[in-house]
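To start, the structure under review is shown below, and the notes come after it.
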Amino acid sequence: MSTDTINNPDRKLDDLAQIIAAYNQVTEKLRHSHDALHDEVARLREQLAGANAQLERSRRLAALGEMAAGIAHEIRNPLAAIHLYTRLISDDLTLASPNTQAATDNAGKIADAVRSLNAIVTDVLHFAREMLPRRRTVSASDLIERAVCAHRPAIEQAQVAVSMQVDDDLLLEVDGDLVQQALLNLIRNAVDAMCESQTRRKLTIKAVRRGREVVIAVADTGPGIAPEHAERLFNPFFTTRNTGTGLGLAIVHRILDAHGAAISVRNQRGAVFTLTFPADCCVFESAGAIA
Ligand code: ADP
């Protein structure tokens with residue numbers, strides 16, 4: 001401050017007024033830029049929300065398109081079979097002496113194709129249904145036994161030895177029907193896989209308590225998972241089988257997701273699918289945890 005200002009109080013006030021005016025001007029400018037920035041952020045947020053909604057719509061449409069293409073692909077083979085065998089039957093019926101044996105065989109093939117269409121529709125409905133688990137307390141060993149029992153004829157036909165190793169009194173708080181369905185799909189896949197290989201066929205199902213979680217592992221002695229398939233295994237319609245729909249594991253994944261449970265797969269002799277049920281799916285009566 002100059003000596004002139006120190007000695008002159010009016011000058012001092014003028015200077016102060018100028019400083020305050022400058023300060024007010026800067027504050028006003030800052031307020032304006034703040035408001036402008038605020039509006040810009042709101043506009044960008046709105047733009048981002050719009051872009052996200054658009055992306056979500058595109059994703060859903062893409063998934064729907066993939067699903068429609070998958071279903072169309074799956075039903076084409078049995079439809080082609082029905083078309084072929086009905087034509088053969090009707091050609092046969094125009095003959096003076098129709099070959100009834102051939103007609104019966106062809107009718108059987110039509111029935112097979114219809115069964116296969118029915119299986120596709122059932123799988124699609126299972127996959128598409130809303131997964132709202134109705135949780136109840138169920139015993140893990142009951143679930144596993146019921147799933148094995150549901151596939152018993154195929155297990156026996158394929159001469160698969162079954163070993164169940166389930167911790168005593170292991171209780172789950174889950175939708176029993178859904179989890180049983182998931183186990184059945186894994187068992188069906190394990191048996192199908194073992195039919196592809198000549199090794200001794202053994203299905204091992206273990207259920208153990210691990211800390212506050214329950215872990216169920218379904219292991220087979222088949223060829224295991226090819227590394228190039230591992231990424232796509234749970235994708236709807238991914239299949240390497242002539243008669244598969246590729247929905248089995250996608251259904252298993254959805255069922256586990258609906259319970260907040262996880263599924264993983266690794267190779268050990270054959271394939272091992274491991275289901276991990278979190279603490280809120282488990283009922284432990286005693287406090288002692290198992291490491
Ligand atoms: P699908 O059984 O109709 O083919 P899935 O979704 O159940 O459909 O299985 C997808 C694919 O995953 C199968 O085609 C097969 O290649 C592979 N896979 C599933 N389970 C096993 C298993 N236990 N061992 C080897 N490969 C398996």
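Naming scheme: A, B, ... for chains in displayed order of the structure tokens; residues 1 onward per chain; ligands 1 onward as shown.
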
### Message
ligand 1: which residues are within 9 Å, counting only C-alpha atoms and all ligand atoms? Reply as JSON, numbers by chain.
### Response
{"A": [185, 186, 187, 188, 189, 190, 191, 192, 193, 194, 218, 219, 220, 221, 222, 223, 224, 225, 226, 229, 230, 232, 233, 234, 235, 236, 237, 238, 239, 240, 241, 242, 243, 244, 245, 246, 247, 248, 249, 250, 251, 252, 267, 270, 271, 272, 273]}

### 7 Å contact set for A:Ala158, only C-alpha atoms, chain neighbours under 3 positions out, as a count of residues only
3

### Task
Give me every helix (DSSP H, G or I) residue in stretch 28-214 of chain A, going by DSSP on the backbone, as an MDAnalysis selection string.
chainID A and resid 28:93 100:128 140:150 152:157 176:195

### Message
DSSP on the backbone: which residues in stretch 43-283 of chain A end up as strand (DSSP E)? Give the answer as a ChimeraX atom specification.
### Response
/A:136-139,161-166,171-174,202-210,213-219,262-268,270-277,282-283

Store the residues picked out above, limited to C-alpha atoms, as an mmCIF file, in the first residue's frame.
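Below is the file selection02.cif, written as the result:
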data_model
loop_
_atom_site.group_PDB
_atom_site.id
_atom_site.type_symbol
_atom_site.label_atom_id
_atom_site.label_comp_id
_atom_site.auth_asym_id
_atom_site.auth_seq_id
_atom_site.Cartn_x
_atom_site.Cartn_y
_atom_site.Cartn_z
ATOM 1 C CA ARG A 136 -37.582 -73.960 1.616
ATOM 2 C CA THR A 137 -35.282 -75.982 3.813
ATOM 3 C CA VAL A 138 -34.268 -79.137 1.962
ATOM 4 C CA SER A 139 -31.673 -81.786 2.620
ATOM 5 C CA ALA A 161 -21.279 -96.436 -11.377
ATOM 6 C CA VAL A 162 -22.563 -93.758 -9.031
ATOM 7 C CA SER A 163 -20.831 -92.607 -5.865
ATOM 8 C CA MET A 164 -22.505 -90.114 -3.549
ATOM 9 C CA GLN A 165 -20.461 -88.570 -0.756
ATOM 10 C CA VAL A 166 -22.629 -86.133 1.128
ATOM 11 C CA LEU A 171 -29.394 -78.490 4.758
ATOM 12 C CA LEU A 172 -30.021 -75.909 2.066
ATOM 13 C CA GLU A 173 -32.501 -73.043 1.979
ATOM 14 C CA VAL A 174 -33.250 -73.146 -1.746
ATOM 15 C CA LYS A 202 -18.087 -93.248 -12.827
ATOM 16 C CA LEU A 203 -20.240 -90.380 -11.636
ATOM 17 C CA THR A 204 -19.185 -88.898 -8.292
ATOM 18 C CA ILE A 205 -21.348 -86.373 -6.485
ATOM 19 C CA LYS A 206 -19.963 -84.760 -3.359
ATOM 20 C CA ALA A 207 -21.627 -82.237 -1.087
ATOM 21 C CA VAL A 208 -19.638 -80.674 1.733
ATOM 22 C CA ARG A 209 -19.794 -77.762 4.048
ATOM 23 C CA ARG A 210 -16.977 -75.308 3.444
ATOM 24 C CA GLU A 213 -21.006 -72.248 2.311
ATOM 25 C CA VAL A 214 -22.158 -75.549 0.853
ATOM 26 C CA VAL A 215 -20.282 -76.914 -2.129
ATOM 27 C CA ILE A 216 -21.695 -79.592 -4.417
ATOM 28 C CA ALA A 217 -19.394 -81.133 -7.030
ATOM 29 C CA VAL A 218 -20.532 -83.335 -9.911
ATOM 30 C CA ALA A 219 -17.575 -85.205 -11.434
ATOM 31 C CA ALA A 262 -21.885 -69.771 -8.349
ATOM 32 C CA ILE A 263 -20.883 -72.502 -10.810
ATOM 33 C CA SER A 264 -17.438 -73.308 -12.104
ATOM 34 C CA VAL A 265 -15.956 -76.105 -14.146
ATOM 35 C CA ARG A 266 -12.540 -77.717 -14.352
ATOM 36 C CA ASN A 267 -11.061 -80.891 -15.754
ATOM 37 C CA GLN A 268 -9.844 -83.632 -13.423
ATOM 38 C CA GLY A 270 -13.223 -85.930 -16.651
ATOM 39 C CA ALA A 271 -15.191 -82.746 -16.040
ATOM 40 C CA VAL A 272 -15.988 -81.466 -12.550
ATOM 41 C CA PHE A 273 -18.803 -78.944 -12.146
ATOM 42 C CA THR A 274 -18.739 -77.205 -8.771
ATOM 43 C CA LEU A 275 -21.757 -75.402 -7.329
ATOM 44 C CA THR A 276 -21.121 -73.039 -4.431
ATOM 45 C CA PHE A 277 -24.126 -72.014 -2.358
ATOM 46 C CA CYS A 282 -27.366 -72.747 3.864
ATOM 47 C CA VAL A 283 -28.836 -73.836 7.183
#

### Message
I'd like the neighbourhood of A:Ala128 as a VMD selection string, where a residue qualifies if any of its atoms comes within 12 Å (using only C-alpha atoms), though same-chain residues fewer than 2 positions away should be ignored.
### Response
chain A and resid 64 67 to 68 71 121 to 126 130 to 132 236 247 250 to 251 254 to 255

### Task
Work out how far atom CA of A:Glu145 is from atom CA of A:Leu178, in Å to one decimal.
14.5 Å

### Distance query stretch 107-118 of chain A at most 12 Å, only C-alpha atoms, self and fewer than 2 positions along chain excluded, as a PyMOL selection string
chain A and resi 71-90+92+100-105+120-125+242-245

Store the residues picked out above in a file with N, CA, C and O atoms, as a short mmCIF file (atom, residue, chain, number, x, y, z; two decimals), in the first residue's frame.
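Wrote out.cif, looks like this:
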data_model
loop_
_atom_site.label_atom_id
_atom_site.label_comp_id
_atom_site.auth_asym_id
_atom_site.auth_seq_id
_atom_site.Cartn_x
_atom_site.Cartn_y
_atom_site.Cartn_z
N ILE A 71 -33.26 -71.09 -31.57
CA ILE A 71 -34.47 -71.94 -31.58
C ILE A 71 -34.75 -72.40 -33.02
O ILE A 71 -35.02 -73.58 -33.27
N ALA A 72 -34.64 -71.44 -33.97
CA ALA A 72 -34.92 -71.78 -35.37
C ALA A 72 -33.98 -72.90 -35.83
O ALA A 72 -34.40 -73.87 -36.46
N HIS A 73 -32.69 -72.75 -35.43
CA HIS A 73 -31.70 -73.74 -35.84
C HIS A 73 -32.04 -75.12 -35.25
O HIS A 73 -31.96 -76.14 -35.93
N GLU A 74 -32.44 -75.09 -33.97
CA GLU A 74 -32.72 -76.36 -33.28
C GLU A 74 -33.93 -77.09 -33.86
O GLU A 74 -33.95 -78.31 -33.93
N ILE A 75 -34.98 -76.30 -34.22
CA ILE A 75 -36.21 -77.00 -34.66
C ILE A 75 -36.15 -77.39 -36.14
O ILE A 75 -36.95 -78.20 -36.60
N ARG A 76 -35.17 -76.84 -36.84
CA ARG A 76 -35.08 -77.14 -38.27
C ARG A 76 -34.84 -78.63 -38.54
O ARG A 76 -35.50 -79.20 -39.41
N ASN A 77 -33.93 -79.26 -37.78
CA ASN A 77 -33.60 -80.67 -38.04
C ASN A 77 -34.81 -81.59 -37.86
O ASN A 77 -35.16 -82.33 -38.78
N PRO A 78 -35.49 -81.52 -36.67
CA PRO A 78 -36.66 -82.39 -36.55
C PRO A 78 -37.76 -82.06 -37.55
O PRO A 78 -38.44 -82.96 -38.05
N LEU A 79 -37.90 -80.77 -37.90
CA LEU A 79 -38.93 -80.42 -38.89
C LEU A 79 -38.59 -81.04 -40.25
O LEU A 79 -39.47 -81.57 -40.95
N ALA A 80 -37.30 -80.99 -40.60
CA ALA A 80 -36.87 -81.57 -41.88
C ALA A 80 -37.13 -83.08 -41.88
O ALA A 80 -37.58 -83.64 -42.89
N ALA A 81 -36.89 -83.70 -40.71
CA ALA A 81 -37.12 -85.16 -40.60
C ALA A 81 -38.61 -85.46 -40.78
O ALA A 81 -38.98 -86.38 -41.54
N ILE A 82 -39.46 -84.66 -40.12
CA ILE A 82 -40.91 -84.90 -40.23
C ILE A 82 -41.34 -84.75 -41.69
O ILE A 82 -42.10 -85.56 -42.24
N HIS A 83 -40.82 -83.70 -42.33
CA HIS A 83 -41.15 -83.44 -43.73
C HIS A 83 -40.76 -84.63 -44.60
O HIS A 83 -41.56 -85.13 -45.40
N LEU A 84 -39.53 -85.13 -44.40
CA LEU A 84 -39.02 -86.24 -45.22
C LEU A 84 -39.85 -87.50 -45.02
O LEU A 84 -40.31 -88.12 -45.98
N TYR A 85 -40.08 -87.87 -43.73
CA TYR A 85 -40.73 -89.16 -43.49
C TYR A 85 -42.22 -89.13 -43.81
O TYR A 85 -42.78 -90.15 -44.22
N THR A 86 -42.87 -87.97 -43.69
CA THR A 86 -44.30 -87.92 -44.11
C THR A 86 -44.38 -88.11 -45.62
O THR A 86 -45.28 -88.78 -46.13
N ARG A 87 -43.39 -87.52 -46.35
CA ARG A 87 -43.40 -87.67 -47.80
C ARG A 87 -43.19 -89.14 -48.18
O ARG A 87 -43.89 -89.68 -49.03
N LEU A 88 -42.26 -89.78 -47.47
CA LEU A 88 -42.00 -91.20 -47.78
C LEU A 88 -43.25 -92.04 -47.50
O LEU A 88 -43.60 -92.93 -48.28
N ILE A 89 -43.94 -91.73 -46.39
CA ILE A 89 -45.15 -92.51 -46.06
C ILE A 89 -46.21 -92.27 -47.13
O ILE A 89 -46.84 -93.21 -47.63
N SER A 90 -46.39 -90.99 -47.51
CA SER A 90 -47.46 -90.75 -48.48
C SER A 90 -47.10 -91.33 -49.85
O SER A 90 -47.97 -91.85 -50.56
N ASP A 92 -45.42 -94.03 -50.22
CA ASP A 92 -45.63 -95.45 -50.03
C ASP A 92 -47.11 -95.82 -50.16
O ASP A 92 -47.46 -96.85 -50.72
N THR A 100 -45.97 -101.75 -45.50
CA THR A 100 -46.43 -101.31 -44.18
C THR A 100 -45.28 -101.26 -43.16
O THR A 100 -45.28 -100.41 -42.27
N GLN A 101 -44.30 -102.15 -43.32
CA GLN A 101 -43.17 -102.13 -42.37
C GLN A 101 -42.39 -100.81 -42.49
O GLN A 101 -42.07 -100.15 -41.49
N ALA A 102 -42.13 -100.42 -43.76
CA ALA A 102 -41.39 -99.16 -43.98
C ALA A 102 -42.21 -97.99 -43.43
O ALA A 102 -41.66 -97.08 -42.78
N ALA A 103 -43.53 -98.03 -43.66
CA ALA A 103 -44.38 -96.93 -43.18
C ALA A 103 -44.34 -96.87 -41.65
O ALA A 103 -44.28 -95.79 -41.06
N THR A 104 -44.35 -98.05 -41.01
CA THR A 104 -44.30 -98.09 -39.54
C THR A 104 -42.97 -97.51 -39.06
O THR A 104 -42.94 -96.71 -38.12
N ASP A 105 -41.87 -97.91 -39.72
CA ASP A 105 -40.54 -97.39 -39.33
C ASP A 105 -40.50 -95.87 -39.48
O ASP A 105 -40.01 -95.15 -38.60
N ILE A 120 -37.11 -79.63 -27.09
CA ILE A 120 -36.61 -78.27 -27.34
C ILE A 120 -37.55 -77.25 -26.70
O ILE A 120 -37.11 -76.32 -26.01
N VAL A 121 -38.86 -77.46 -26.91
CA VAL A 121 -39.83 -76.51 -26.34
C VAL A 121 -39.72 -76.50 -24.81
O VAL A 121 -39.72 -75.44 -24.18
N THR A 122 -39.58 -77.69 -24.21
CA THR A 122 -39.47 -77.77 -22.75
C THR A 122 -38.22 -77.01 -22.28
O THR A 122 -38.29 -76.21 -21.34
N ASP A 123 -37.09 -77.23 -22.95
CA ASP A 123 -35.85 -76.55 -22.56
C ASP A 123 -35.98 -75.04 -22.72
O ASP A 123 -35.56 -74.27 -21.85
N VAL A 124 -36.59 -74.61 -23.84
CA VAL A 124 -36.73 -73.16 -24.08
C VAL A 124 -37.61 -72.56 -22.97
O VAL A 124 -37.30 -71.50 -22.42
N LEU A 125 -38.70 -73.27 -22.64
CA LEU A 125 -39.59 -72.74 -21.58
C LEU A 125 -38.87 -72.70 -20.24
O LEU A 125 -38.99 -71.73 -19.49
N ASN A 242 -25.11 -83.80 -31.34
CA ASN A 242 -26.09 -83.79 -32.43
C ASN A 242 -27.51 -83.61 -31.93
O ASN A 242 -28.33 -82.96 -32.56
N THR A 243 -27.79 -84.21 -30.76
CA THR A 243 -29.16 -84.16 -30.27
C THR A 243 -29.34 -83.11 -29.18
O THR A 243 -30.41 -83.01 -28.59
N GLY A 244 -28.31 -82.32 -28.90
CA GLY A 244 -28.42 -81.35 -27.79
C GLY A 244 -29.09 -80.05 -28.23
O GLY A 244 -29.10 -79.71 -29.40
N THR A 245 -29.67 -79.35 -27.25
CA THR A 245 -30.24 -78.03 -27.54
C THR A 245 -29.26 -76.94 -27.11
O THR A 245 -29.42 -75.78 -27.47
#
